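One file, entry-v4.tsv, is given below (TSV, C-alpha atoms).
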```
chain	number	residue	atom	x	y	z
A	1106	ARG	CA	153.76	99.35	133.04
A	1107	ALA	CA	152.71	96.19	131.19
A	1108	ALA	CA	155.17	94.85	128.63
A	1109	ARG	CA	152.40	93.70	126.31
A	1110	THR	CA	149.07	95.11	125.16
A	1111	GLU	CA	146.20	92.90	124.03
A	1112	LEU	CA	144.29	94.57	121.19
A	1113	ARG	CA	140.73	93.74	120.24
A	1114	VAL	CA	138.92	95.55	117.43
A	1115	GLY	CA	135.33	94.42	116.94
A	1116	HIS	CA	132.13	95.09	115.07
A	1117	ALA	CA	128.71	93.48	114.77
A	1118	GLY	CA	128.94	90.31	112.70
A	1119	VAL	CA	126.34	87.82	111.48
A	1120	ALA	CA	124.40	84.83	112.77
A	1121	ARG	CA	125.54	81.31	111.96
A	1122	ASP	CA	122.62	80.78	109.54
A	1123	ASN	CA	123.45	83.89	107.48
A	1124	PRO	CA	123.96	82.81	103.84
A	1125	ASP	CA	126.93	85.19	103.54
A	1126	LEU	CA	128.86	83.46	106.35
A	1127	PRO	CA	131.03	81.21	104.12
A	1128	ALA	CA	132.17	84.19	102.05
A	1129	LEU	CA	132.82	86.21	105.20
A	1130	GLN	CA	134.93	83.41	106.66
A	1131	VAL	CA	137.06	83.46	103.50
A	1132	LEU	CA	137.33	87.22	103.90
A	1133	ALA	CA	138.48	86.85	107.51
A	1134	ALA	CA	141.12	84.34	106.41
A	1135	ILE	CA	142.46	86.70	103.76
A	1136	LEU	CA	142.48	89.62	106.16
A	1137	GLY	CA	144.01	87.90	109.20
A	1138	GLY	CA	143.87	84.14	108.90
A	1139	GLY	CA	147.56	83.26	108.97
A	1140	PRO	CA	151.15	84.33	108.34
A	1141	VAL	CA	150.47	85.34	104.72
A	1142	SER	CA	147.33	87.40	105.50
A	1143	ARG	CA	147.13	91.14	104.87
A	1144	LEU	CA	147.35	92.04	108.56
A	1145	ALA	CA	150.28	89.73	109.19
A	1146	ALA	CA	152.11	91.14	106.16
A	1147	SER	CA	151.82	94.68	107.54
A	1148	LEU	CA	152.06	94.34	111.31
A	1149	ARG	CA	154.28	91.26	111.64
A	1150	GLN	CA	156.47	90.94	108.57
A	1151	ARG	CA	156.91	94.55	107.49
A	1152	LEU	CA	156.79	96.40	110.84
A	1153	GLY	CA	157.59	93.68	113.37
A	1154	LEU	CA	154.92	94.90	115.80
A	1155	THR	CA	153.41	91.54	116.71
A	1156	TYR	CA	154.15	87.84	116.47
A	1157	GLN	CA	150.55	86.84	115.81
A	1158	ILE	CA	147.45	88.68	114.63
A	1159	ARG	CA	144.20	87.21	113.43
A	1160	SER	CA	140.66	88.11	112.39
A	1161	ARG	CA	137.54	85.99	112.68
A	1162	PHE	CA	133.75	85.96	112.64
A	1163	ALA	CA	132.34	84.49	115.87
A	1164	ALA	CA	128.98	83.53	114.34
A	1165	ARG	CA	126.37	82.52	116.91
A	1166	HIS	CA	122.71	81.60	116.92
A	1167	ALA	CA	121.49	85.20	117.15
A	1168	GLY	CA	124.51	86.96	115.70
A	1169	GLY	CA	128.03	87.53	116.93
A	1170	PRO	CA	131.05	89.79	116.55
A	1171	PHE	CA	133.71	90.21	113.91
A	1172	ILE	CA	137.02	90.43	115.77
A	1173	VAL	CA	140.59	91.41	114.96
A	1174	GLU	CA	142.95	90.52	117.80
A	1175	ALA	CA	146.67	90.79	118.43
A	1176	ALA	CA	149.26	91.04	121.19
A	1177	VAL	CA	151.83	93.79	120.72
A	1178	ALA	CA	154.52	95.52	122.72
A	1179	SER	CA	152.83	98.29	124.73
A	1180	GLY	CA	154.79	101.03	123.01
A	1181	ALA	CA	153.56	99.81	119.60
A	1182	ALA	CA	149.88	99.49	120.50
A	1183	ALA	CA	148.69	102.76	118.96
A	1184	THR	CA	150.46	102.08	115.66
A	1185	ALA	CA	149.19	98.52	115.47
A	1186	LEU	CA	145.61	99.55	116.18
A	1187	ARG	CA	145.65	102.24	113.49
A	1188	LEU	CA	147.11	99.90	110.88
A	1189	ALA	CA	144.62	97.16	111.73
A	1190	ARG	CA	141.71	99.53	111.13
A	1191	GLU	CA	143.24	100.78	107.87
A	1192	GLN	CA	143.88	97.28	106.56
A	1193	GLY	CA	140.33	96.25	107.38
A	1194	ALA	CA	139.08	98.75	104.80
A	1195	TYR	CA	135.48	98.36	105.91
A	1196	GLN	CA	132.59	100.76	105.55
A	1197	ARG	CA	129.40	100.74	107.56
A	1198	LEU	CA	125.90	101.90	106.67
A	1199	TYR	CA	123.49	102.79	109.46
A	1200	VAL	CA	119.84	103.74	109.13
A	1201	ALA	CA	118.19	105.99	111.68
A	1202	LEU	CA	115.18	108.11	112.53
A	1203	GLY	CA	115.83	111.70	113.52
A	1204	VAL	CA	113.75	114.70	114.43
A	1205	GLY	CA	114.42	118.24	113.24
A	1206	ALA	CA	115.63	119.61	109.93
A	1207	LEU	CA	118.79	119.63	107.84
A	1208	ALA	CA	119.53	122.40	105.35
A	1209	VAL	CA	121.02	119.95	102.81
A	1210	GLU	CA	120.25	116.39	101.77
A	1211	HIS	CA	123.88	115.26	102.01
A	1212	ALA	CA	126.47	116.39	104.54
A	1213	ARG	CA	129.73	115.43	106.21
A	1214	TRP	CA	129.94	116.09	109.94
A	1215	GLU	CA	133.41	116.70	111.35
A	1216	TRP	CA	132.88	117.66	114.98
A	1217	SER	CA	135.44	116.21	117.33
A	1218	LEU	CA	134.19	114.35	120.42
A	1219	ALA	CA	135.07	115.22	124.00
A	1220	PRO	CA	133.87	113.86	127.36
A	1221	ASP	CA	130.81	115.58	128.80
A	1222	ARG	CA	130.03	116.01	132.48
A	1223	ALA	CA	128.07	112.77	132.84
A	1224	PRO	CA	130.01	109.48	132.79
A	1225	ARG	CA	130.30	107.84	129.34
A	1226	VAL	CA	128.52	110.76	127.67
A	1227	HIS	CA	130.22	112.80	124.97
A	1228	LYS	CA	129.76	116.20	123.37
A	1229	ALA	CA	130.57	117.65	119.98
A	1230	VAL	CA	133.29	120.30	119.90
A	1231	PRO	CA	134.93	122.19	117.02
A	1232	LYS	CA	137.26	120.14	114.85
A	1233	GLY	CA	140.84	120.27	116.08
A	1234	GLN	CA	140.07	121.23	119.66
A	1235	LYS	CA	142.84	120.14	121.98
A	1236	SER	CA	142.27	116.89	123.90
A	1237	ALA	CA	139.20	116.01	121.76
A	1238	LEU	CA	139.08	112.98	119.48
A	1239	PRO	CA	138.66	113.69	115.74
A	1240	ALA	CA	135.56	112.17	114.20
A	1241	ALA	CA	133.80	112.24	110.84
A	1242	SER	CA	130.41	110.97	109.67
A	1243	ARG	CA	128.52	111.23	106.40
A	1244	VAL	CA	124.74	111.59	106.27
A	1245	ALA	CA	122.01	111.53	103.64
A	1246	VAL	CA	118.36	112.39	104.16
A	1247	ALA	CA	116.38	109.56	102.61
A	1248	ALA	CA	112.87	110.84	103.38
A	1249	THR	CA	111.00	113.29	105.58
A	1250	HIS	CA	107.52	113.39	107.04
A	1251	GLY	CA	106.58	116.33	109.20
A	1252	ALA	CA	109.38	116.89	111.69
A	1253	TYR	CA	110.86	113.41	111.27
A	1254	LEU	CA	113.58	112.16	108.95
A	1255	ALA	CA	114.80	108.79	107.70
A	1256	LEU	CA	118.58	109.00	107.60
A	1257	ALA	CA	121.42	107.00	106.05
A	1258	LEU	CA	124.63	107.39	108.06
A	1259	ALA	CA	128.20	106.28	107.39
A	1260	PRO	CA	130.78	106.76	110.17
A	1261	GLU	CA	134.30	107.30	108.86
A	1262	THR	CA	135.77	106.91	112.34
A	1263	GLY	CA	134.69	104.70	115.23
A	1264	ARG	CA	134.19	106.90	118.28
A	1265	THR	CA	131.82	105.91	121.08
A	1266	HIS	CA	128.34	107.37	120.44
A	1267	GLN	CA	129.73	109.15	117.38
A	1268	LEU	CA	126.61	109.07	115.19
A	1269	ARG	CA	124.35	109.96	118.10
A	1270	VAL	CA	126.50	112.93	119.10
A	1271	HIS	CA	126.91	114.16	115.53
A	1272	ALA	CA	123.18	113.91	114.79
A	1273	ALA	CA	122.35	115.89	117.93
A	1274	ALA	CA	124.95	118.54	117.11
A	1275	ALA	CA	123.48	118.89	113.61
A	1276	GLY	CA	120.02	119.54	115.07
A	1277	VAL	CA	118.51	116.15	114.25
A	1278	PRO	CA	118.79	114.06	117.45
A	1279	LEU	CA	117.77	110.45	117.04
A	1280	VAL	CA	114.33	109.28	118.07
A	1281	GLY	CA	114.48	107.54	121.46
A	1282	ASP	CA	117.93	108.93	122.30
A	1283	ARG	CA	117.07	110.89	125.41
A	1284	ILE	CA	120.72	111.21	126.47
A	1285	TYR	CA	121.47	113.35	123.43
A	1286	GLY	CA	118.21	115.26	123.16
A	1287	GLY	CA	116.05	112.87	121.17
A	1288	PRO	CA	112.36	112.46	122.02
A	1289	GLY	CA	111.45	109.67	124.43
A	1290	ARG	CA	107.75	110.10	123.69
A	1291	ILE	CA	106.16	110.83	120.32
A	1292	THR	CA	102.74	112.35	119.71
A	1293	THR	CA	101.58	112.64	116.09
A	1294	SER	CA	99.26	115.29	114.65
A	1295	THR	CA	96.36	112.84	115.06
A	1296	GLY	CA	97.04	112.48	118.79
A	1297	ALA	CA	98.53	109.00	118.58
A	1298	VAL	CA	101.26	108.40	121.16
A	1299	ARG	CA	104.27	106.09	120.99
A	1300	VAL	CA	107.12	105.58	123.45
A	1301	PRO	CA	110.14	104.20	121.54
A	1302	GLY	CA	111.56	101.10	123.15
A	1303	ARG	CA	115.05	101.74	121.74
A	1304	ILE	CA	117.23	104.32	120.04
A	1305	ALA	CA	116.22	104.49	116.38
A	1306	LEU	CA	119.65	103.55	115.00
A	1307	HIS	CA	120.62	100.31	113.26
A	1308	CYS	CA	123.75	99.05	111.47
A	1309	ALA	CA	122.28	97.67	108.26
A	1310	ARG	CA	125.35	96.80	106.22
A	1311	VAL	CA	129.11	96.33	106.47
A	1312	ASP	CA	131.22	96.38	103.30
A	1313	ILE	CA	134.77	95.09	103.47
A	1314	GLY	CA	137.17	95.76	100.62
A	1315	LEU	CA	139.27	93.00	99.11
A	1316	PRO	CA	141.70	92.97	96.20
A	1317	GLY	CA	139.55	92.72	93.10
A	1318	GLY	CA	136.22	93.15	94.89
A	1319	HIS	CA	134.49	93.30	98.24
A	1320	VAL	CA	132.27	91.35	100.61
A	1321	SER	CA	129.09	92.72	102.17
A	1322	ALA	CA	127.20	91.58	105.24
A	1323	SER	CA	123.73	92.93	105.90
A	1324	SER	CA	121.37	92.94	108.86
A	1325	PRO	CA	117.62	93.41	108.22
A	1326	ILE	CA	115.89	96.36	109.82
A	1327	PRO	CA	114.40	95.07	113.11
A	1328	PRO	CA	110.59	94.83	113.06
A	1329	GLU	CA	110.18	97.22	116.00
A	1330	LEU	CA	112.24	99.87	114.19
A	1331	ALA	CA	110.35	99.40	110.93
A	1332	GLU	CA	107.06	99.72	112.84
A	1333	LEU	CA	108.26	102.91	114.54
A	1334	ALA	CA	109.20	104.37	111.16
A	1335	ALA	CA	105.76	103.49	109.75
A	1336	PHE	CA	104.15	105.13	112.79
A	1337	LEU	CA	106.03	108.32	111.82
A	1338	GLY	CA	105.00	108.00	108.16
A	1339	LEU	CA	108.45	106.89	107.00
A	1340	ASP	CA	109.99	103.82	105.39
A	1341	LEU	CA	113.52	103.05	106.54
A	1342	ALA	CA	114.04	100.84	103.50
A	1343	GLU	CA	114.50	104.09	101.57
A	1344	ALA	CA	117.60	104.83	103.66
A	1345	LEU	CA	119.13	101.53	102.52
A	1346	ARG	CA	119.11	102.83	98.96
A	1347	CYS	CA	120.90	106.09	99.85
A	1348	ALA	CA	124.61	106.76	99.57
A	1349	PRO	CA	125.66	109.07	102.41
```

Encoded form using structure tokens:
Amino acid sequence: RAARTELRVGHAGVARDNPDLPALQVLAAILGGGPVSRLAASLRQRLGLTYQIRSRFAARHAGGPFIVEAAVASGAAATALRLAREQGAYQRLYVALGVGALAVEHARWEWSLAPDRAPRVHKAVPKGQKSALPAASRVAVAATHGAYLALALAPETGRTHQLRVHAAAAGVPLVGDRIYGGPGRITTSTGAVRVPGRIALHCARVDIGLPGGHVSASSPIPPELAELAAFLGLDLAEALRCAP
């Protein structure tokens, strides 16, 4: 058994020409930029779980990750990872295109996630089922047109494929997500046909809480996703204005 565990917690960041980058770099310094940062105060000074922990934005030409990294004793890894996520205090807003119908405009999905038969594929199971990972997501229906929906989604946990699995379990699989039941080919009432080149899911904004305020980083809706929404008679910009 290894004496030390290397932890890496990451999320999509911003490109180096993003005007919010300077503010985000200050945020990263406050969160995990040195011995007096919030993460160091919790994991190093108060709990003694690690000697060094840091957070940073690796901004690149076409985007890059936001990373929190630390080395901890193997027995403390689970505690350190949980505290790092809690101290980050970040919220994410995704926009998506689904197909189907929801009975309400706002909902909170709480299915747990468990491995399915295929490798790296997951399934939704009742909350609390043994050996499954708890998960929670909030959703708001921003607009509908025929059988298609523009959705605003906010994951409260960070499970692999969480939003895709939850949407499928709720009866609104995402457009282009053939693994979880979404359509890989779309034919409109006029006979027009479109084959989505990607899963219709995009992380549009990350909000990170700070004492006395917060910092937000946004990512514009990709042109191909905006065009797909228009093809379906929807405007994903409406989902940006929703609060799931």

field: From A:Arg1121, A:Arg1346, A:Arg1161, A:His1266, residue lying nearest A:Arg1310 [only C-alpha atoms]
entry: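 The shortest atom-to-atom distance to A:Arg1310 comes from A:Arg1346.
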
Using all atoms listed in the file: which of A:Val1277, A:Ile1284, A:Ala1252, A:Ala1245 has the shortest distance to A:Glu1343: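 So, comparing all the options, the nearest one is A:Ala1245.
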
Give me the box for stretch 1118-1131 of chain A as JSON, namely the centre and edge lengths in Å to one decimal of a box along x, y and z that holds every listed atom plus 4 Å on each side.
```
{"center_x": 129.8, "center_y": 85.5, "center_z": 107.4, "size_x": 22.4, "size_y": 17.5, "size_z": 18.7}
```

message: Let me make sure I understand: among A:Phe1162, A:Tyr1285, A:Trp1216, A:Tyr1253, which one has the smallest atom-to-atom distance to A:Leu1132 if we use all atoms listed in the file?
response: A:Phe1162

Long-range neighbours of A:Pro1288 as JSON, numbers by chain, 9 Å cut-off, all atoms listed in the file, 5 positions minimum in chain: {"A": [1204, 1278, 1279, 1280, 1281, 1282, 1283, 1300, 1301]}

Now that the selection is made, can you save its residues with C-alpha atoms as an mmCIF file, in the coordinates of the input?
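Result file is part_9.cif:
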```cif
data_model
loop_
_atom_site.group_PDB
_atom_site.id
_atom_site.type_symbol
_atom_site.label_atom_id
_atom_site.label_comp_id
_atom_site.auth_asym_id
_atom_site.auth_seq_id
_atom_site.Cartn_x
_atom_site.Cartn_y
_atom_site.Cartn_z
ATOM 1 C CA VAL A 1204 113.750 114.700 114.430
ATOM 2 C CA PRO A 1278 118.790 114.060 117.450
ATOM 3 C CA LEU A 1279 117.770 110.450 117.040
ATOM 4 C CA VAL A 1280 114.330 109.280 118.070
ATOM 5 C CA GLY A 1281 114.480 107.540 121.460
ATOM 6 C CA ASP A 1282 117.930 108.930 122.300
ATOM 7 C CA ARG A 1283 117.070 110.890 125.410
ATOM 8 C CA VAL A 1300 107.120 105.580 123.450
ATOM 9 C CA PRO A 1301 110.140 104.200 121.540
#
```

message: Can you measure atom CA of A:His1271 to atom CA of A:Ala1259 for me? One decimal in Å is fine.
response: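 For atom CA of A:His1271 relative to atom CA of A:Ala1259, the distance reads 11.4 Å.
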
message: Need the shell around A:Pro1127: protein/DNA/RNA residues with any atom at most 12 Å away, counting all atoms listed in the file. Skip same-chain ones fewer than 3 positions apart. Format as number ranges by chain?
response: A: 1119-1124, 1130-1134, 1161-1162, 1164, 1320-1322

One-decimal distance in Å that lies between atom CA of A:Arg1165 and atom CA of A:Leu1129: 13.9 Å

query: Between A:Gly1205, A:Pro1220, A:Gly1138, A:Pro1328, which one has atoms that come closest to A:Ile1172, using only C-alpha atoms?
result: A:Gly1138

I want to know what sits within 7 Å of A:Val1270, based on only C-alpha atoms, with residues of the same chain fewer than 3 positions away left out; could you give that as a PDB file with C-alpha atoms, in the frame of the given file?
```pdb
ATOM      1  CA  HIS A1227     130.220 112.800 124.970  1.00  0.00           C
ATOM      2  CA  LYS A1228     129.760 116.200 123.370  1.00  0.00           C
ATOM      3  CA  ALA A1229     130.570 117.650 119.980  1.00  0.00           C
ATOM      4  CA  HIS A1266     128.340 107.370 120.440  1.00  0.00           C
ATOM      5  CA  GLN A1267     129.730 109.150 117.380  1.00  0.00           C
ATOM      6  CA  ALA A1273     122.350 115.890 117.930  1.00  0.00           C
ATOM      7  CA  ALA A1274     124.950 118.540 117.110  1.00  0.00           C
ATOM      8  CA  TYR A1285     121.470 113.350 123.430  1.00  0.00           C
TER       9      TYR A1285
END
```

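The coordinates place atom CA of A:Ile1158 at 9.4 Å from atom CA of A:Leu1112.
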
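Here the question is which of A:Ala1237, A:Val1246, A:Ala1309, A:Val1114 gets nearest to A:Ala1175 using only C-alpha atoms, and that residue is A:Val1114.
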
statement: Using all atoms listed in the file, the best pick from A:Ala1272, A:Ala1167, A:Val1226, A:Ala1176 as closest to A:Ala1212 would be A:Ala1272

Atoms added to stretch 1203-1216 of chain A (N, CA, C and O atoms), reported as a compact mmCIF listing (two decimals), in the frame of the given file:
```txt
# COMPACT_ATOMS: atom_id res chain seq x y z
N GLY A 1203 115.49 110.48 112.79
CA GLY A 1203 115.83 111.70 113.52
C GLY A 1203 114.65 112.64 113.55
O GLY A 1203 113.65 112.44 112.86
N VAL A 1204 114.79 113.68 114.36
CA VAL A 1204 113.75 114.70 114.43
C VAL A 1204 114.41 116.07 114.32
O VAL A 1204 115.44 116.33 114.95
N GLY A 1205 113.84 116.92 113.47
CA GLY A 1205 114.42 118.24 113.24
C GLY A 1205 114.48 118.52 111.75
O GLY A 1205 113.63 118.06 110.98
N ALA A 1206 115.50 119.26 111.34
CA ALA A 1206 115.63 119.61 109.93
C ALA A 1206 117.10 119.80 109.59
O ALA A 1206 117.88 120.29 110.40
N LEU A 1207 117.46 119.38 108.38
CA LEU A 1207 118.79 119.63 107.84
C LEU A 1207 118.66 120.52 106.61
O LEU A 1207 117.75 120.35 105.80
N ALA A 1208 119.60 121.44 106.45
CA ALA A 1208 119.53 122.40 105.35
C ALA A 1208 119.88 121.75 104.01
O ALA A 1208 119.50 122.25 102.95
N VAL A 1209 120.61 120.63 104.04
CA VAL A 1209 121.02 119.95 102.81
C VAL A 1209 120.69 118.47 102.92
O VAL A 1209 120.52 117.93 104.02
N GLU A 1210 120.59 117.81 101.76
CA GLU A 1210 120.25 116.39 101.77
C GLU A 1210 121.46 115.51 102.05
O GLU A 1210 121.31 114.37 102.50
N HIS A 1211 122.66 115.99 101.75
CA HIS A 1211 123.88 115.26 102.01
C HIS A 1211 124.85 116.17 102.77
O HIS A 1211 124.96 117.36 102.48
N ALA A 1212 125.53 115.60 103.75
CA ALA A 1212 126.47 116.39 104.54
C ALA A 1212 127.56 115.49 105.11
O ALA A 1212 127.42 114.26 105.15
N ARG A 1213 128.64 116.12 105.51
CA ARG A 1213 129.73 115.43 106.21
C ARG A 1213 129.96 116.18 107.52
O ARG A 1213 130.26 117.37 107.52
N TRP A 1214 129.78 115.48 108.62
CA TRP A 1214 129.94 116.09 109.94
C TRP A 1214 131.35 115.82 110.44
O TRP A 1214 131.83 114.68 110.41
N GLU A 1215 132.03 116.84 110.94
CA GLU A 1215 133.41 116.70 111.35
C GLU A 1215 133.67 117.19 112.77
O GLU A 1215 134.81 117.50 113.12
N TRP A 1216 132.64 117.28 113.59
CA TRP A 1216 132.88 117.66 114.98
C TRP A 1216 133.76 116.63 115.67
O TRP A 1216 133.58 115.41 115.50
```
